Structures are given as C-alpha cells and as structure tokens.
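Pasted below: structure.txt, compact mmCIF, C-alpha atoms.
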# COMPACT_ATOMS: atom_id res chain seq x y z
CA MET A 1 -106.35 30.40 97.18
CA ALA A 2 -105.75 29.71 100.87
CA SER A 3 -104.76 33.22 101.59
CA SER A 4 -107.80 34.51 99.73
CA SER A 5 -110.20 32.33 101.78
CA THR A 6 -108.58 33.41 104.97
CA ALA A 7 -109.01 37.03 104.02
CA VAL A 8 -112.71 36.56 103.26
CA ALA A 9 -113.32 34.78 106.58
CA ALA A 10 -111.50 37.49 108.43
CA ALA A 11 -113.52 40.14 106.65
CA VAL A 12 -116.82 38.44 107.62
CA SER A 13 -115.85 38.11 111.25
CA GLN A 14 -114.97 41.76 111.64
CA PRO A 15 -117.50 44.05 113.33
CA SER A 16 -119.24 46.39 110.93
CA SER A 17 -119.10 50.20 110.88
CA GLY A 18 -117.31 51.33 113.92
CA GLY A 19 -116.05 48.02 115.20
CA ARG A 20 -118.61 47.71 118.16
CA ARG A 21 -121.14 44.83 118.73
CA ARG A 22 -124.96 45.90 118.88
CA ARG A 23 -126.53 45.37 122.35
CA ARG A 24 -130.08 44.34 123.31
CA PRO A 25 -132.50 47.03 124.74
CA GLY A 26 -131.72 47.65 128.38
CA LEU A 27 -133.91 47.48 131.51
CA LYS A 28 -134.34 51.26 131.50
CA LEU A 29 -136.25 51.06 128.23
CA LEU A 30 -138.46 48.12 129.36
CA LEU A 31 -139.63 49.67 132.66
CA PRO A 32 -141.84 52.41 131.07
CA LEU A 33 -143.34 49.79 128.77
CA PHE A 34 -144.29 47.46 131.64
CA PHE A 35 -145.64 50.39 133.70
CA SER A 36 -147.83 51.52 130.80
CA LEU A 37 -149.20 48.00 130.39
CA PHE A 38 -149.96 47.81 134.14
CA LEU A 39 -151.89 51.08 134.06
CA ASN A 40 -153.94 49.93 131.07
CA VAL A 41 -154.84 46.64 132.77
CA PHE A 42 -155.65 48.42 136.06
CA PHE A 43 -158.01 50.97 134.52
CA ALA A 44 -159.65 48.40 132.29
CA SER A 45 -160.33 46.19 135.33
CA TYR A 46 -161.64 49.17 137.30
CA LEU A 47 -164.06 50.13 134.54
CA PHE A 48 -165.21 46.54 134.15
CA LEU A 49 -165.84 46.07 137.87
CA SER A 50 -167.45 49.49 138.30
CA PHE A 51 -169.97 49.09 135.50
CA HIS A 52 -170.42 45.35 135.70
CA GLN A 53 -174.09 44.46 136.14
CA PRO A 54 -175.05 41.63 138.49
CA ALA A 55 -176.17 38.42 136.88
CA PRO A 56 -179.92 37.99 136.37
CA GLY A 57 -181.65 36.36 139.32
CA TRP A 58 -179.72 38.16 142.06
CA ALA A 59 -183.00 39.08 143.81
CA ARG A 60 -184.26 35.49 144.04
CA TYR A 61 -182.60 34.87 147.39
CA ALA A 62 -184.16 38.00 148.90
CA THR A 63 -187.64 37.17 147.62
CA THR A 64 -187.34 33.54 148.71
CA GLU A 65 -186.33 34.69 152.18
CA ALA A 66 -189.24 37.14 152.37
CA GLU A 67 -191.74 34.53 151.23
CA ALA A 68 -190.38 32.05 153.77
CA ALA A 69 -190.90 34.61 156.52
CA ALA A 70 -194.43 35.36 155.35
CA ALA A 71 -195.29 31.67 155.11
CA ALA A 72 -194.30 31.07 158.74
CA GLY A 73 -197.60 32.59 159.82
CA CYS A 74 -196.82 32.53 163.56
CA SER A 75 -200.24 30.95 164.18
CA GLY A 76 -201.87 34.18 163.13
CA HIS A 77 -200.72 35.88 166.34
CA GLY A 78 -197.45 37.48 165.31
CA ARG A 79 -195.07 38.49 162.55
CA SER A 80 -192.06 36.55 161.27
CA PHE A 81 -188.58 37.67 160.27
CA VAL A 82 -185.60 35.77 158.85
CA LEU A 83 -182.82 36.74 161.23
CA ARG A 84 -180.58 33.71 161.62
CA ALA A 85 -179.74 30.47 159.80
CA GLU A 86 -182.38 31.20 157.16
CA THR A 87 -185.07 30.19 159.69
CA PRO A 88 -188.06 32.51 160.27
CA VAL A 89 -188.34 33.87 163.81
CA CYS A 90 -191.73 34.92 165.19
CA GLU A 91 -192.34 38.16 167.06
CA CYS A 92 -195.54 37.47 168.99
CA GLU A 93 -198.35 39.88 169.74
CA ALA A 94 -198.65 41.06 173.33
CA CYS A 95 -201.03 38.35 174.56
CA TYR A 96 -199.37 35.34 172.88
CA THR A 97 -196.09 33.49 173.36
CA GLY A 98 -194.14 30.43 172.18
CA ASP A 99 -191.91 29.81 169.16
CA ASP A 100 -194.93 29.97 166.86
CA CYS A 101 -197.03 32.34 169.04
CA SER A 102 -199.63 29.61 169.63
CA TRP A 103 -199.80 29.96 173.43
CA PRO A 104 -202.17 32.60 174.85
CA VAL A 105 -200.93 34.54 177.88
CA LEU A 106 -203.51 34.24 180.63
CA ASP A 107 -204.67 37.46 182.31
CA CYS A 108 -202.86 39.50 179.67
CA ALA A 109 -203.74 43.20 179.68
CA VAL A 110 -205.34 44.27 176.39
CA ASP A 111 -203.62 47.41 175.13
CA ALA A 112 -206.30 49.68 173.62
CA ASP A 113 -204.20 52.81 174.10
CA GLY A 114 -202.03 52.50 171.00
CA GLU A 115 -202.21 54.34 167.69
CA ASP A 116 -201.31 51.58 165.24
CA SER A 117 -203.80 50.65 162.51
CA LEU A 118 -203.13 46.91 162.42
CA PHE A 119 -206.72 46.16 161.39
CA LEU A 120 -205.58 46.84 157.80
CA GLU A 121 -202.94 44.08 157.85
CA PRO A 122 -205.19 41.48 156.13
CA PHE A 123 -205.73 43.86 153.21
CA TRP A 124 -202.00 44.08 152.54
CA LYS A 125 -201.59 40.32 152.80
CA GLN A 126 -204.16 40.07 150.01
CA HIS A 127 -202.04 42.49 147.95
CA ALA A 128 -198.59 41.15 148.81
CA ALA A 129 -197.26 41.09 145.24
CA GLY A 130 -198.20 44.64 144.34
CA SER A 131 -197.09 46.23 147.62
CA SER A 132 -193.74 44.50 148.18
CA VAL A 133 -190.40 46.15 147.41
CA VAL A 134 -187.00 44.54 146.72
CA LEU A 135 -184.10 47.01 146.87
CA PRO A 136 -180.56 46.28 145.61
CA GLY A 137 -177.86 46.42 148.26
CA TRP A 138 -175.98 49.20 146.45
CA HIS A 139 -178.94 51.60 146.39
CA SER A 140 -179.18 54.56 148.80
CA MET A 141 -175.40 54.88 149.08
CA ASN A 142 -175.98 58.57 148.43
CA SER A 143 -178.56 60.30 150.64
CA ARG A 144 -180.14 61.85 147.55
CA ASP A 145 -180.03 58.84 145.22
CA GLY A 146 -183.06 59.08 142.96
CA HIS A 147 -184.50 61.84 145.15
CA ARG A 148 -185.69 64.07 142.32
CA ILE A 149 -187.23 61.29 140.21
CA ILE A 150 -188.95 59.44 143.07
CA SER A 151 -190.15 62.62 144.79
CA GLY A 152 -191.78 63.80 141.59
CA GLU A 153 -193.61 60.49 141.21
CA ILE A 154 -194.79 60.55 144.84
CA GLU A 155 -196.17 64.06 144.44
CA ARG A 156 -198.05 63.01 141.32
CA HIS A 157 -199.50 59.93 143.02
CA ILE A 158 -200.47 61.87 146.16
CA HIS A 159 -202.60 64.11 143.96
CA LEU A 160 -204.13 61.02 142.34
CA LEU A 161 -204.80 59.44 145.74
CA HIS A 162 -206.71 62.45 147.05
CA LYS A 163 -208.66 62.60 143.81
CA ALA A 164 -209.56 58.91 144.12
CA ALA A 165 -210.65 59.27 147.77
CA SER A 166 -212.45 62.59 147.15
CA ASN A 167 -211.26 63.75 150.58
CA ALA A 168 -209.16 66.81 149.68
CA MET A 169 -208.76 69.35 146.90
CA THR A 170 -205.08 69.25 145.95
CA ASP A 171 -205.22 70.44 142.33
CA GLY A 172 -203.00 73.50 142.07
CA LYS A 173 -201.57 72.91 145.56
CA PHE A 174 -197.95 72.16 146.38
CA ILE A 175 -196.82 69.03 148.21
CA VAL A 176 -194.04 68.89 150.79
CA PHE A 177 -193.27 65.77 152.83
CA SER A 178 -191.10 64.51 155.68
CA SER A 179 -190.35 61.31 157.58
CA ARG A 180 -190.96 63.10 160.91
CA PRO A 181 -194.09 65.07 161.81
CA ALA A 182 -192.22 67.46 164.12
CA GLU A 183 -189.87 68.49 161.29
CA LEU A 184 -192.78 69.09 158.94
CA LEU A 185 -194.70 71.12 161.54
CA ASN A 186 -191.60 73.19 162.29
CA ALA A 187 -191.14 73.93 158.60
CA LEU A 188 -194.79 74.93 158.19
CA ALA A 189 -194.78 77.09 161.33
CA HIS A 190 -191.64 78.83 160.08
CA ALA A 191 -193.20 79.34 156.64
CA VAL A 192 -196.50 80.83 157.82
CA SER A 193 -194.75 83.05 160.38
CA ALA A 194 -192.34 84.44 157.81
CA ASN A 195 -195.18 84.89 155.33
CA ASN A 196 -197.38 86.86 157.75
CA ASN A 197 -198.20 90.33 156.40
CA SER A 198 -198.38 92.08 159.77
CA SER A 199 -195.46 94.08 161.13
CA THR A 200 -194.94 91.56 163.92
CA PRO A 201 -195.03 87.81 163.28
CA PRO A 202 -197.73 85.81 165.12
CA ASN A 203 -196.97 84.36 168.53
CA VAL A 204 -199.30 81.42 167.87
CA VAL A 205 -199.74 79.10 164.90
CA GLU A 206 -202.84 76.95 165.36
CA HIS A 207 -202.61 73.23 164.67
CA VAL A 208 -206.21 72.05 164.36
CA THR A 209 -207.19 68.39 164.21
CA SER A 210 -210.03 67.97 161.73
CA LEU A 211 -213.55 67.18 162.96
CA ASN A 212 -212.94 69.06 166.21
CA ALA A 213 -215.62 71.58 167.17
CA ARG A 214 -213.17 74.45 166.92
CA GLU A 215 -212.02 75.02 163.36
CA GLY A 216 -209.28 77.62 163.71
CA ASP A 217 -211.25 80.76 164.47
CA GLY A 218 -208.60 82.45 166.60
CA GLY A 219 -207.28 84.75 163.87
CA SER A 220 -203.84 83.08 163.80
CA PRO A 221 -202.34 81.12 160.90
CA VAL A 222 -203.83 77.63 160.87
CA ILE A 223 -202.46 74.19 159.98
CA PHE A 224 -205.28 71.66 159.56
CA ASP A 225 -204.48 68.06 160.47
CA ARG A 226 -206.58 65.89 158.16
CA SER A 227 -204.82 62.59 158.93
CA TYR A 228 -208.08 60.74 159.66
CA TYR A 229 -210.18 62.36 156.95
CA TRP A 230 -210.43 59.23 154.79
CA PRO A 231 -213.50 57.20 153.76
CA HIS A 232 -212.81 54.26 156.09
CA TYR A 233 -213.06 56.55 159.15
CA TYR A 234 -215.54 59.32 158.34
CA PRO A 235 -218.20 60.18 155.76
CA ILE A 236 -216.57 62.44 153.16
CA ALA A 237 -219.25 65.12 152.89
CA ALA A 238 -217.03 67.30 150.69
CA PRO A 239 -213.33 67.50 149.84
CA ALA A 240 -211.32 69.51 152.37
CA ASP A 241 -209.87 72.68 150.86
CA GLU A 242 -207.92 74.53 153.58
CA GLY A 243 -204.74 76.49 152.90
CA ILE A 244 -202.48 73.99 154.69
CA MET A 245 -203.56 70.37 155.23
CA LEU A 246 -201.57 67.58 156.89
CA PHE A 247 -201.83 63.86 156.09
CA SER A 248 -200.02 60.67 157.15
CA ILE A 249 -199.45 57.37 155.37
CA SER A 250 -199.96 55.48 158.64
CA LYS A 251 -203.61 56.52 158.98
CA ILE A 252 -204.64 55.61 155.47
CA SER A 253 -202.57 52.45 154.90
CA GLY A 254 -201.77 51.42 158.49
CA HIS A 255 -197.97 51.52 158.00
CA ALA A 256 -196.96 53.36 161.16
CA GLY A 257 -193.49 51.82 160.96
CA ILE A 258 -192.61 53.64 157.74
CA GLY A 259 -193.03 57.24 158.92
CA PHE A 260 -194.22 59.49 156.10
CA TRP A 261 -196.20 62.74 156.42
CA TRP A 262 -197.12 65.27 153.78
CA ALA A 263 -198.73 68.69 153.56
CA ALA A 264 -200.81 70.17 150.76
CA ILE A 265 -200.15 73.93 150.59
CA LYS A 266 -202.19 76.45 148.61
CA ASP A 267 -199.85 79.48 148.84
CA GLU A 268 -196.71 79.09 146.72
CA LYS A 269 -194.68 81.46 148.94
CA ILE A 270 -195.48 79.39 152.03
CA TYR A 271 -194.53 76.24 150.13
CA GLN A 272 -191.21 77.73 149.02
CA ARG A 273 -190.35 78.86 152.56
CA ALA A 274 -191.24 75.46 153.97
CA ALA A 275 -189.19 73.67 151.30
CA GLU A 276 -186.20 75.98 151.88
CA TYR A 277 -186.42 75.42 155.64
CA MET A 278 -186.39 71.64 155.18
CA THR A 279 -183.49 71.80 152.71
CA SER A 280 -181.40 74.04 154.97
CA ASN A 281 -182.07 71.73 157.93
CA ALA A 282 -181.20 68.60 155.92
CA VAL A 283 -184.70 67.16 156.21
CA ILE A 284 -184.56 64.30 153.71
CA VAL A 285 -186.88 61.32 153.26
CA SER A 286 -184.78 58.30 152.34
CA PRO A 287 -185.26 56.82 148.85
CA ASP A 288 -186.12 53.47 150.45
CA THR A 289 -189.04 55.05 152.34
CA GLN A 290 -190.18 56.93 149.27
CA LEU A 291 -190.19 53.77 147.15
CA ARG A 292 -192.24 51.89 149.77
CA VAL A 293 -194.76 54.72 150.03
CA LEU A 294 -195.01 54.96 146.25
CA LYS A 295 -195.76 51.24 146.01
CA LEU A 296 -198.49 51.46 148.67
CA ILE A 297 -200.16 54.46 147.06
CA LYS A 298 -200.14 52.76 143.65
CA VAL A 299 -201.96 49.75 145.12
CA MET A 300 -204.54 51.95 146.87
CA ILE A 301 -205.26 53.83 143.64
CA SER A 302 -205.35 50.78 141.37
CA GLU A 303 -207.72 48.87 143.67
CA LYS A 304 -210.30 51.67 143.83
CA GLY A 305 -213.74 50.09 143.75
CA ALA A 306 -215.41 47.14 145.47
CA GLY A 307 -212.20 45.68 146.92
CA ASP A 308 -210.23 48.82 147.79
CA ILE A 309 -208.68 49.72 151.12
CA PHE A 310 -211.45 52.20 151.96
CA LYS A 311 -214.16 49.56 151.56
CA PHE A 312 -212.10 47.03 153.51
CA GLY A 313 -211.35 49.46 156.33
CA TYR A 314 -214.90 50.80 156.56
CA THR A 315 -216.44 47.30 156.61
CA THR A 316 -214.06 46.17 159.37
CA LEU A 317 -214.57 49.22 161.58
CA LYS A 318 -218.33 49.24 161.00
CA ALA A 319 -218.56 45.66 162.32
CA ARG A 320 -216.49 46.57 165.39
CA TRP A 321 -218.57 49.64 166.17
CA SER A 322 -221.73 47.56 165.79
CA GLN A 323 -220.44 45.01 168.33
CA LEU A 324 -219.49 47.76 170.76
CA HIS A 325 -222.84 49.56 170.45
CA LYS A 326 -224.77 46.32 170.90
CA LEU A 327 -222.86 45.44 174.08
CA LEU A 328 -223.05 48.86 175.73
CA ALA A 329 -226.72 49.37 174.83
CA THR A 330 -227.51 47.07 177.77
CA SER A 331 -225.29 48.99 180.21
CA ASP A 332 -226.22 51.80 182.59
CA ARG A 333 -222.65 52.21 183.78
CA PHE A 334 -220.97 52.93 180.42
CA SER A 335 -221.94 54.90 177.33
CA LEU A 336 -220.36 55.88 174.02
CA HIS A 337 -219.89 59.36 172.64
CA PRO A 338 -222.65 59.77 170.01
CA PHE A 339 -222.07 60.47 166.31
CA SER A 340 -224.43 61.78 163.67
CA PRO A 341 -224.76 60.07 160.27
CA ASN A 342 -223.83 62.03 157.19
CA TYR A 343 -223.77 61.64 153.44
CA CYS A 344 -220.50 60.19 152.11
CA SER A 345 -219.58 61.25 148.59
CA TYR A 346 -217.16 58.33 148.29
CA PHE A 347 -219.64 55.54 149.07
CA LYS A 348 -222.54 57.64 147.75
CA THR A 349 -224.77 56.89 150.72
CA VAL A 350 -225.65 58.17 154.19
CA ARG A 351 -223.53 56.43 156.80
CA ASP A 352 -222.37 56.65 160.40
CA PRO A 353 -218.80 57.66 161.17
CA THR A 354 -216.51 54.74 162.02
CA PRO A 355 -213.62 56.54 163.74
CA ALA A 356 -210.43 54.88 164.87
CA TYR A 357 -211.14 55.62 168.54
CA ALA A 358 -214.16 55.14 170.79
CA TRP A 359 -214.73 57.57 173.65
CA LEU A 360 -216.21 55.61 176.56
CA LYS A 361 -217.88 57.45 179.44
CA CYS A 362 -218.32 56.11 182.98
CA GLU A 363 -221.80 57.24 184.06
CA MET A 364 -221.73 56.28 187.75
CA ASP A 365 -220.86 59.00 190.28
CA GLU A 366 -218.34 56.77 192.03
CA ASP A 367 -216.42 56.13 188.77
CA LYS A 368 -214.50 59.39 188.72
CA ASP A 369 -211.57 57.86 186.78
CA CYS A 370 -212.87 55.79 183.87
CA GLN A 371 -209.39 54.74 182.79
CA ALA A 372 -208.78 53.21 186.23
CA VAL A 373 -212.13 51.39 186.08
CA LEU A 374 -211.16 49.65 182.84
CA ARG A 375 -207.68 48.88 184.15
CA LYS A 376 -209.27 46.70 186.85
CA PHE A 377 -210.59 44.52 184.03
CA ASN A 378 -207.17 44.27 182.34
CA ILE A 379 -207.97 46.88 179.69
CA ILE A 380 -205.38 49.59 179.05
CA SER A 381 -207.05 52.72 177.65
CA GLY A 382 -206.20 56.37 177.11
CA SER A 383 -206.92 58.99 179.75
CA GLY A 384 -209.51 61.59 178.80
CA LYS A 385 -207.52 64.26 180.59
CA LEU A 386 -204.59 63.81 178.22
CA PHE A 387 -206.88 64.83 175.37
CA GLU A 388 -208.26 67.92 177.13
CA GLY A 389 -211.31 65.97 178.29
CA ASP A 390 -212.69 64.75 181.59
CA ASN A 391 -211.43 61.79 183.61
CA ARG A 392 -214.88 60.27 183.27
CA TYR A 393 -213.96 59.62 179.63
CA THR A 394 -211.43 57.13 178.37
CA ARG A 395 -210.28 56.39 174.83
CA LEU A 396 -210.22 52.96 173.16
CA ASN A 397 -208.28 52.23 169.97
CA LEU A 398 -210.44 50.08 167.68
CA CYS A 399 -207.76 49.68 164.99
CA MET A 400 -206.01 46.74 166.65
CA THR A 401 -205.63 43.24 165.20
CA ASN A 402 -208.64 40.93 165.05
CA ASP A 403 -207.26 38.82 167.91
CA HIS A 404 -206.82 41.83 170.15
CA PHE A 405 -210.26 43.21 169.37
CA GLU A 406 -211.88 39.87 170.20
CA LEU A 407 -209.98 39.83 173.49
CA LEU A 408 -211.04 43.43 174.19
CA MET A 409 -214.69 42.50 173.64
CA MET A 410 -214.34 39.51 175.97
CA ARG A 411 -213.00 41.77 178.73
CA MET A 412 -215.74 44.35 178.15
CA GLU A 413 -218.43 41.65 178.18
CA ALA A 414 -217.08 40.49 181.54
CA MET A 415 -217.18 44.10 182.75
CA VAL A 416 -220.80 44.57 181.68
CA SER A 417 -221.79 41.13 183.02
CA LYS A 418 -220.46 42.09 186.43
CA GLU A 419 -222.63 45.19 186.25
CA TRP A 420 -225.69 43.00 185.58
CA ILE A 421 -224.86 40.72 188.52
CA SER A 422 -224.38 43.72 190.84
CA SER A 423 -227.72 45.23 189.83
CA SER A 424 -229.69 41.97 190.14

Go through the file and emit its structure as structure tokens.
Amino acid sequence: MASSSTAVAAAVSQPSSGGRRRRRPGLKLLLPLFFSLFLNVFFASYLFLSFHQPAPGWARYATTEAEAAAAAGCSGHGRSFVLRAETPVCECEACYTGDDCSWPVLDCAVDADGEDSLFLEPFWKQHAAGSSVVLPGWHSMNSRDGHRIISGEIERHIHLLHKAASNAMTDGKFIVFSSRPAELLNALAHAVSANNNSSTPPNVVEHVTSLNAREGDGGSPVIFDRSYYWPHYYPIAAPADEGIMLFSISKISGHAGIGFWWAAIKDEKIYQRAAEYMTSNAVIVSPDTQLRVLKLIKVMISEKGAGDIFKFGYTTLKARWSQLHKLLATSDRFSLHPFSPNYCSYFKTVRDPTPAYAWLKCEMDEDKDCQAVLRKFNIISGSGKLFEGDNRYTRLNLCMTNDHFELLMMRMEAMVSKEWISSS
C-alpha cells in the first residue's frame, strides 16, 4: 500500500507531456497590447476634444462686458471700451476730457473737415439688440470660413436694401464687394479696360461722383460713385441705373470703422473679370466684417417705415441745415451754395436736399481764403481747392455728433456776431 501511494504521488508531481513547466506570457507579447490600447485612448480623446461643443452660456461673459461698456456712457461725450480689469475705459471726443469725458476743453478747435457720419449713432443705440454681433473665438481661423454662405446672404440683402430705399436698380445686376475702395476700383478699372471692344484699351476710366454736373460724357468707360445717393441725403427722384455703381456701408449706416464697399454691375463679363481680378489678388472681406454688415443691413430693411434710418437721418440733417440757413441769412460775409428742391419717391413729397457737407462761400473781397477765415474762429474746414473749387469756398461736414454740431454753431454765431459789430 505504501509503495502504491508513493507511486501515485510521484506520478502527480511529474511534469506532463514533455517534462517542461508552462510559462506566463512574456513582455514581448504585452507591449503590442499596451500600445494598441494607448492609440485607442489617444484617438478617442482627440475626437472628443475636437468635436466637443462649449457649454451653453459661453457668450454671457462677452455680452455682459459689452453691456457694461455701453452703460458707461462717458457723459455722452465719448465711447467706452472694456480694456483692463473689467472696467470700462472712455475714449473722449475731441473737445472733452476726463475719465468720464465730462470736462469740456476750452478753445478747442471744432473739426468740421472729417468724413465720419456720427450723427447716426443715436439710431444704432436705439437698435442695439438687433445690430450687435457676438462671434465665437474659434471663428475666422480660416480666411474663407463661411465665405460662400455669408457672401450669398449679403448679396441677397444688398438687393433688398436698394429695393427698400428705391435708390438704385439692382435686379439682374451682379454684386462684388471689398473692404478697401482702392482694391474695388482697381478691379473695376481692370475689368472695363479688358472688356473694351476697341483695338486699344482706354487710357482713362472715369470715376464720377453722383450729383456732379458732369455725368461721364467723355466717351470713356465710367464708374459712377453713388455712395451718397440715399434718402437721408438727397431726394430720390428715380432709381439710379448705370452700368457700374459704387456704394459704401459707411455713408448709409455711418459705420466708417467697418470698411465695406460694393459695386452693382450690369455686364456679366465685366463682373466676371472684376471677380477674377479680386480672387487672383487675394482680395477677401473677412467673415467678421461680412457678419457685421449683414446685421446692419437686416436692421435697416426691417425698420423701413416711420422709424427707419432714412427718416432718422433726414430729420436730423434737415434740422441742422435749417439752423445753418437761419444763421447765415443775416450775414453779408458768408453764403451757402444753393440747392433746388425735388420730388423724393421714398418720402413721396417734394423736399430740399440735405447733403452731408455744406459749401460755405466767403463773399468779401479781402477773404481770399475762406478756410483760413474760419480757422481764426477755431473751426477746421475743408479747402475748396482740394475739391477742384475756389479758395473762396470751404467745406463743412454736418454729419458730426450732436455735441460737435452745437459747438460748431456756437463758433459760427460768434463769427457772424463779430460781422454785425464790425458793420454797426
């Protein structure tokens, strides 16, 4: 029995088939497994982070910051920006100073030589919600992000805007736009030159500002600048319908800081050449600019009627022209360039023009330089000679802020009062 048990125990303890003990999997087999797991985790994390959407409410900080800046007010004499420590900082207008722009600068020169249309600022404050834009920080990483979609919408709304204002016939015309006027003019000049049917291309391409006496009768290709042909500046007798017409967002909405010009082109070949020129020269309007312009145009179209931008602008400029006429009607030294009333199809009434600029003439023989005469009274104006006129004329911008216009009128009243004293 003992020998039998010993034999069984010995048999159990012997290694099976071959006499070798089985080993665990080695490190060489585990390395590929761990590497595969690492790759799976890496790519899963990459996909999650790449397509992960931000949590709702991410824009609240930006909107809160913007509203805080707008609420600062700057005493009504400046504009505020949040630049440091979440505290709005005021940028004061030229004739005001102080942290909140509440201190007037004595003997400040009134700048009436600019081209900004700040008189429309109150309109946009009334329409802050509809005209504001919040852009995610990851947008515009690509120079052509959303270019095709946004551009198509802008073109459609430009057509709607002209239809609403009744100032230009754009149905069937092609729209091309740029953030710089020089680039757009270069593209148009190239397009009309290449499209000319004569054996030799033209040496001159006329760029005619609308409402000038000369309307492109020189026989050369013509580009008509219709930037100011809007109801708040001039009576719209009939929609403009030239072959190439230029417009600017700054003149209609007042946003000179955006920089957006467009052309309405009748000839498809000219449009194609202009578009090809701009593409080959990398002329691109940023998506941010396009979105801002689209927002502004939508507001201007939706508000058409009693409270629209044309009514607001016309009412403001009409009041300013009335003040200016009333003051200078008592003067023998100064006069204004006359305008004739005309029927306006937009307002459906006969009205006087209310242009952005007033041409002032010095009538006295000794006042050979009208710009210099106004400069003595702390008024900065434009020289008539720069605009192919006479030095006896000087140009005043009436599209300034309300504060600046009031200050301009005070200086002009002092100028006319001195004339009365001298003549008495």

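Closest approach to Ser178 of chain A among A:Leu161, A:Ile249, A:Tyr343, A:Leu336: A:Ile249, based on all atoms listed in the file.
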
Neighbour list for segment 314-323 of chain A as a ChimeraX atom specification, cut-off 12 Å, all atoms listed in the file, skip fewer than 2 positions in-chain: /A:117-123,230-235,252,306-312,325-330,336-339,344,346-347,351-359,396-402,404-406,408-410,412-413

At most 10 Å from (-211.1, 55.1, 176.1), file frame, only C-alpha atoms: which residues, as a compact mmCIF listing (two decimals) with C-alpha atoms, keeping the file's coordinate frame?
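Once written, selection_35.txt looks like this:
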# COMPACT_ATOMS: atom_id res chain seq x y z
CA ALA A 112 -206.30 49.68 173.62
CA ASP A 113 -204.20 52.81 174.10
CA LEU A 336 -220.36 55.88 174.02
CA TYR A 357 -211.14 55.62 168.54
CA ALA A 358 -214.16 55.14 170.79
CA TRP A 359 -214.73 57.57 173.65
CA LEU A 360 -216.21 55.61 176.56
CA LYS A 361 -217.88 57.45 179.44
CA CYS A 370 -212.87 55.79 183.87
CA GLN A 371 -209.39 54.74 182.79
CA LEU A 374 -211.16 49.65 182.84
CA ILE A 379 -207.97 46.88 179.69
CA ILE A 380 -205.38 49.59 179.05
CA SER A 381 -207.05 52.72 177.65
CA GLY A 382 -206.20 56.37 177.11
CA SER A 383 -206.92 58.99 179.75
CA GLY A 384 -209.51 61.59 178.80
CA ARG A 392 -214.88 60.27 183.27
CA TYR A 393 -213.96 59.62 179.63
CA THR A 394 -211.43 57.13 178.37
CA ARG A 395 -210.28 56.39 174.83
CA LEU A 396 -210.22 52.96 173.16
CA ASN A 397 -208.28 52.23 169.97
CA LEU A 398 -210.44 50.08 167.68

At a cut-off of 12 Å, can you tabulate as JSON lines every residue of segment 93-159 of chain A near segment 57-61 of chain A together with its closest atom pair and the distance in Å to one decimal, using only C-alpha atoms and ordering rows by chain then number?
{"residue": "A:Val133", "atom": "CA", "partner": "A:Ala59", "partner_atom": "CA", "distance": 10.8}
{"residue": "A:Val134", "atom": "CA", "partner": "A:Ala59", "partner_atom": "CA", "distance": 7.4}
{"residue": "A:Leu135", "atom": "CA", "partner": "A:Ala59", "partner_atom": "CA", "distance": 8.6}
{"residue": "A:Pro136", "atom": "CA", "partner": "A:Ala59", "partner_atom": "CA", "distance": 7.8}
{"residue": "A:Gly137", "atom": "CA", "partner": "A:Ala59", "partner_atom": "CA", "distance": 10.0}

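Nearest residue to Met141 of chain A among A:His127, A:Met300, A:Pro287, A:Asp332 is A:Pro287, counting only C-alpha atoms.
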